[in-house]
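To be precise, the following lines are input.cif, and they hold mmCIF, C-alpha atoms.
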```
data_final
loop_
_atom_site.label_atom_id
_atom_site.label_comp_id
_atom_site.auth_asym_id
_atom_site.auth_seq_id
_atom_site.Cartn_x
_atom_site.Cartn_y
_atom_site.Cartn_z
CA MET A 21 -37.62 -28.13 -48.04
CA LEU A 22 -36.02 -26.09 -50.88
CA PRO A 23 -35.90 -27.44 -54.44
CA GLN A 24 -32.93 -29.36 -55.84
CA SER A 25 -32.14 -30.60 -59.35
CA ARG A 26 -29.48 -32.74 -60.94
CA THR A 27 -28.25 -33.22 -64.52
CA GLU A 28 -26.38 -36.44 -65.27
CA SER A 29 -25.52 -37.12 -68.89
CA THR A 30 -22.85 -39.78 -68.47
CA SER A 31 -21.98 -43.02 -66.74
CA PHE A 32 -18.58 -41.60 -65.71
CA SER A 33 -18.52 -40.51 -62.07
CA SER A 34 -15.93 -37.71 -62.30
CA PHE A 35 -14.17 -35.38 -64.71
CA GLU A 36 -10.86 -37.12 -63.97
CA GLU A 37 -12.35 -40.52 -64.83
CA VAL A 38 -13.71 -39.43 -68.22
CA ARG A 39 -10.49 -37.53 -69.05
CA ALA A 40 -8.33 -40.56 -68.19
CA ALA A 41 -10.50 -42.82 -70.37
CA PHE A 42 -10.27 -40.28 -73.18
CA ASP A 43 -6.48 -40.01 -72.83
CA ARG A 44 -6.15 -43.80 -73.19
CA LEU A 45 -7.24 -43.41 -76.82
CA GLU A 46 -4.00 -43.22 -78.82
CA PRO A 47 -4.12 -41.55 -82.23
CA MET A 48 -2.93 -43.81 -85.06
CA LYS A 49 -3.13 -46.86 -82.73
CA SER A 50 -6.61 -47.08 -81.15
CA ASP A 51 -9.69 -48.18 -83.05
CA THR A 52 -13.43 -48.26 -82.51
CA ASP A 53 -13.14 -51.38 -80.31
CA THR A 54 -10.76 -49.48 -77.98
CA LEU A 55 -13.25 -46.63 -77.98
CA LYS A 56 -16.04 -48.90 -76.76
CA ALA A 57 -13.76 -50.57 -74.20
CA ASN A 58 -13.03 -47.15 -72.69
CA GLY A 59 -16.73 -46.34 -72.24
CA PHE A 60 -17.34 -44.21 -75.34
CA ASN A 61 -19.80 -46.40 -77.21
CA PRO A 62 -21.83 -43.92 -79.28
CA ALA A 63 -24.86 -46.22 -79.21
CA GLU A 64 -24.93 -46.19 -75.39
CA HIS A 65 -23.43 -42.83 -74.43
CA PRO A 66 -26.00 -40.01 -74.36
CA ASN A 67 -25.26 -36.62 -75.94
CA THR A 68 -22.94 -38.02 -78.60
CA GLN A 69 -22.89 -36.19 -81.91
CA LEU A 70 -21.84 -38.10 -85.03
CA LEU A 71 -19.65 -35.94 -87.27
CA THR A 72 -19.46 -36.31 -91.04
CA HIS A 73 -16.57 -35.19 -93.22
CA SER A 74 -18.27 -31.84 -93.84
CA ASP A 75 -18.81 -31.37 -90.07
CA VAL A 76 -15.08 -31.99 -89.53
CA VAL A 77 -14.22 -29.41 -92.22
CA ARG A 78 -16.50 -26.81 -90.56
CA LEU A 79 -15.08 -27.61 -87.13
CA PHE A 80 -11.36 -27.55 -87.94
CA VAL A 81 -11.01 -25.25 -90.97
CA PRO A 82 -13.09 -22.22 -89.94
CA SER A 83 -11.21 -19.53 -91.86
CA ALA A 84 -8.67 -18.84 -94.57
CA LEU A 85 -6.22 -17.59 -91.92
CA LEU A 86 -5.48 -21.12 -90.78
CA ARG A 87 -2.76 -22.74 -92.87
CA ARG A 88 -2.52 -26.41 -93.68
CA GLU A 89 0.73 -26.75 -91.71
CA ASP A 90 -1.03 -25.43 -88.61
CA LEU A 91 -3.35 -28.44 -88.48
CA ASP A 92 -2.58 -31.60 -86.52
CA PRO A 93 -1.45 -34.53 -88.73
CA GLY A 94 -4.50 -36.52 -87.59
CA ILE A 95 -6.86 -33.77 -88.73
CA LEU A 96 -5.07 -33.62 -92.10
CA ALA A 97 -5.33 -37.40 -92.47
CA CYS A 98 -9.05 -37.20 -91.77
CA LEU A 99 -9.64 -34.33 -94.19
CA GLU A 100 -7.71 -36.11 -96.95
CA ALA A 101 -9.66 -39.34 -96.40
CA ARG A 102 -12.90 -37.54 -97.43
CA ASP A 103 -15.84 -39.97 -97.03
CA ALA A 104 -13.74 -42.35 -94.88
CA CYS A 105 -13.38 -39.48 -92.38
CA HIS A 106 -15.90 -39.24 -89.58
CA GLY A 107 -15.91 -38.27 -85.94
CA LEU A 108 -17.67 -38.18 -82.62
CA ALA A 109 -18.26 -35.26 -80.28
CA TYR A 110 -18.98 -36.21 -76.66
CA ASP A 111 -20.61 -34.00 -74.09
CA ALA A 112 -20.66 -35.34 -70.54
CA ALA A 113 -21.68 -33.55 -67.37
CA LYS A 114 -22.80 -34.03 -63.80
CA ILE A 115 -24.33 -30.83 -62.47
CA SER A 116 -26.29 -30.32 -59.23
CA ARG A 117 -28.37 -27.25 -58.40
CA ARG A 118 -29.42 -26.64 -54.81
CA ARG A 119 -31.38 -23.78 -53.42
CA THR A 120 -29.96 -22.87 -50.02
CA GLY A 121 -30.68 -20.24 -47.44
CA ASN A 122 -33.77 -19.30 -45.49
CA PHE A 123 -36.92 -21.18 -46.49
CA PHE A 124 -39.28 -18.27 -45.76
CA THR A 125 -37.32 -15.64 -47.75
CA ASP A 126 -37.02 -18.13 -50.64
CA PHE A 127 -40.67 -19.22 -50.52
CA SER A 128 -41.94 -15.63 -50.31
CA ASN A 129 -39.59 -14.66 -53.19
CA PHE A 130 -37.60 -12.02 -51.25
CA GLN A 131 -34.23 -13.74 -51.71
CA ARG A 132 -33.16 -16.92 -53.45
CA ARG A 133 -29.72 -18.48 -53.36
CA THR A 134 -28.88 -21.25 -55.84
CA GLU A 135 -25.62 -23.20 -55.66
CA THR A 136 -24.49 -25.03 -58.80
CA THR A 137 -21.71 -27.62 -58.54
CA GLY A 138 -20.32 -30.43 -60.67
CA TRP A 139 -18.27 -30.79 -63.86
CA ARG A 140 -18.55 -30.64 -67.68
CA PHE A 141 -16.48 -32.45 -70.34
CA HIS A 142 -16.37 -32.10 -74.12
CA GLY A 143 -14.30 -34.35 -76.37
CA VAL A 144 -13.81 -34.79 -80.11
CA ILE A 145 -12.49 -37.95 -81.76
CA LEU A 146 -11.74 -38.24 -85.48
CA PHE A 147 -11.53 -41.52 -87.38
CA VAL A 148 -10.37 -42.67 -90.76
CA ASN A 149 -12.43 -45.81 -91.27
CA LYS A 150 -12.10 -47.45 -87.80
CA LEU A 151 -8.72 -45.97 -86.79
CA VAL A 152 -8.57 -43.08 -84.29
CA VAL A 153 -6.44 -40.37 -85.93
CA TYR A 154 -7.10 -37.43 -83.59
CA ARG A 155 -8.59 -36.73 -80.19
CA SER A 156 -8.98 -33.54 -78.20
CA TRP A 157 -10.86 -32.61 -75.05
CA SER A 158 -11.85 -29.56 -73.06
CA GLY A 159 -14.17 -28.81 -70.19
CA GLN A 160 -14.66 -27.61 -66.66
CA PRO A 161 -13.21 -29.99 -64.08
CA ARG A 162 -14.99 -28.11 -61.32
CA VAL A 163 -18.14 -26.03 -61.59
CA ASN A 164 -18.92 -23.93 -58.55
CA GLU A 165 -21.39 -21.08 -59.02
CA VAL A 166 -23.62 -19.19 -56.61
CA GLU A 167 -26.56 -17.15 -57.89
CA ILE A 168 -28.29 -14.78 -55.48
CA THR A 169 -31.54 -13.14 -56.54
CA LYS A 170 -33.01 -10.38 -54.36
CA ASN A 171 -36.52 -9.07 -54.86
CA PRO A 172 -37.27 -6.16 -52.48
CA LEU A 173 -41.01 -6.49 -53.14
CA GLY A 174 -41.02 -10.22 -52.51
CA PRO A 175 -44.15 -11.88 -53.91
CA LEU A 176 -45.29 -8.60 -55.47
CA GLN A 177 -42.10 -8.27 -57.55
CA ASP A 178 -43.44 -10.16 -60.56
CA ILE A 179 -46.85 -8.46 -60.62
CA GLY A 180 -45.38 -5.17 -61.84
CA PRO A 181 -47.00 -3.54 -64.90
CA SER A 182 -49.84 -6.06 -65.21
CA LEU A 183 -51.36 -4.71 -62.00
CA LEU A 184 -51.15 -1.12 -63.21
CA THR A 185 -52.74 -1.73 -66.61
CA ILE A 186 -56.23 -0.21 -66.75
CA LYS A 187 -58.75 -1.43 -69.31
#
```

Taking this structure as input, can you express it in the form of structure tokens?
Amino acid sequence: MLPQSRTESTSFSSFEEVRAAFDRLEPMKSDTDTLKANGFNPAEHPNTQLLTHSDVVRLFVPSALLRREDLDPGILACLEARDACHGLAYDAAKISRRRTGNFFTDFSNFQRRTETTGWRFHGVILFVNKLVVYRSWSGQPRVNEVEITKNPLGPLQDIGPSLLTIK
């Protein structure tokens, strides 16, 4: 009888599945058709950000401390291609939130326990024209969080100062 919620922003069923599909993209070999075949069609995949050349510059050249030789050859190829350089940033996640514990202490606002589980994935792909020149991913293969909120006053906890204000 306690609330539950779920966030699903991808057709991939697991972190391992999306990572494996991402790893099948080979820089300097794969193209946009390979991208679509691996499930990363930007027109169909939610939460896809299209990156322009200036976005790529902001993303990969954040300060003067980074030298040109420190950059991946694919990033350099993209930066040198100027307007032919573009990219995609993918965010995929499957997150579930469940309130667990005693219904009466939760309902009366004395104690609430929320369990969050799932996974999050973030990937960046750079192209020169239709050729994949760089790919990188990061994320959380396993999300497991527990939030416990205790309110000693229960349902009166949120009334606070508004009850004491005299007009």

Write out as a compact mmCIF listing (two decimals) with C-alpha atoms, in the coordinates of the input the residues lying within 10 Å of Pro23 in chain A, counting only C-alpha atoms and excluding same-chain residues fewer than 4 positions away.
```
# COMPACT_ATOMS: atom_id res chain seq x y z
CA ARG A 117 -28.37 -27.25 -58.40
CA ARG A 118 -29.42 -26.64 -54.81
CA ARG A 119 -31.38 -23.78 -53.42
CA THR A 120 -29.96 -22.87 -50.02
CA THR A 134 -28.88 -21.25 -55.84
```

CA of Met48 in chain A and CA of Phe141 in chain A are how many Å apart?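 Between these atoms lies a distance of 23.0 Å.
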
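For the choices A:Leu173, A:Val76, A:Val152, A:Ala112, the atom-to-atom distance to Arg39 in chain A is smallest for A:Ala112 when using only C-alpha atoms.
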
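Minimum atom-to-atom distances from A:Ala40, A:Ile95, A:Ala57, A:Leu176 to Ile145 in chain A were compared using all atoms listed in the file, and the lowest value belongs to A:Ile95.
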
Considering all atoms listed in the file, can you say which of A:Ile115, A:Gly138, A:Thr169, A:Gly107 comes closest to Ser156 in chain A?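 Selected residue with least distance to Ser156 in chain A: A:Gly107.
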
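Between CA of His106 in chain A and CA of Lys150 in chain A the separation is 9.2 Å.
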
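Put simply, the PyMOL selection byres ((chain A and resi 111) around 10) on this file hits Ser29, Thr30, His65, Pro66, Asn67, Thr68, Gln69, Leu108, Ala109, Tyr110, Ala112, Ala113, Arg140, Phe141, His142, Gly143, Val144, Trp157, Ser158 and Gly159 of chain A.
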
Point-to-point distance in Å for CA of Asp92 in chain A and CA of Ser74 in chain A: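 So the two atoms, CA of Ser74 in chain A and CA of Asp92 in chain A, lie 17.3 Å apart.
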
Write out as a VMD selection string the residues lying within 8 Å of Ser50 in chain A, counting only C-alpha atoms and excluding same-chain residues fewer than 4 positions away. chain A and resid 45 to 46 54 to 55 151 to 152

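Closest approach to Phe35 in chain A among A:Leu146, A:Val163, A:Ala97, A:Leu71 is made by A:Val163 (distances from only C-alpha atoms).
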
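Compared by their closest atoms to Asp178 in chain A, and using all atoms listed in the file, the residues A:Phe130, A:Phe123, A:Thr72, A:Val148 rank with A:Phe130 nearest.
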
Counting only C-alpha atoms, the residue of A:Asp90, A:Glu28, A:Asp75, A:Asp126 that sits nearest Cys105 in chain A: A:Asp75

Neighbour list for Glu167 in chain A as a ChimeraX atom specification, cut-off 9 Å, only C-alpha atoms, skip fewer than 3 positions in-chain: /A:132-136

First collect every listed atom of range 110-119 of chain A; then fit an axis-aligned box around them, widen it by 8 Å on each side, and give centre and edge lengths in Å to one decimal, as lines of an AutoDock Vina configuration file.
```
center_x = -25.2
center_y = -30.0
center_z = -65.0
size_x = 28.4
size_y = 28.4
size_z = 39.2
```

Around the point (-41.0, -22.7, -48.2), in the coordinates given by the file, pick out the residues reaching within 10 Å, counting all atoms listed in the file, and return them as a PDB file with C-alpha atoms, in the coordinates of the input.
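The result, stored in selection14.pdb:
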```pdb
ATOM      1  CA  MET A  21     -37.620 -28.130 -48.040  1.00  0.00           C
ATOM      2  CA  LEU A  22     -36.020 -26.090 -50.880  1.00  0.00           C
ATOM      3  CA  PRO A  23     -35.900 -27.440 -54.440  1.00  0.00           C
ATOM      4  CA  ASN A 122     -33.770 -19.300 -45.490  1.00  0.00           C
ATOM      5  CA  PHE A 123     -36.920 -21.180 -46.490  1.00  0.00           C
ATOM      6  CA  PHE A 124     -39.280 -18.270 -45.760  1.00  0.00           C
ATOM      7  CA  THR A 125     -37.320 -15.640 -47.750  1.00  0.00           C
ATOM      8  CA  ASP A 126     -37.020 -18.130 -50.640  1.00  0.00           C
ATOM      9  CA  PHE A 127     -40.670 -19.220 -50.520  1.00  0.00           C
ATOM     10  CA  SER A 128     -41.940 -15.630 -50.310  1.00  0.00           C
ATOM     11  CA  ASN A 129     -39.590 -14.660 -53.190  1.00  0.00           C
TER      12      ASN A 129
END
```
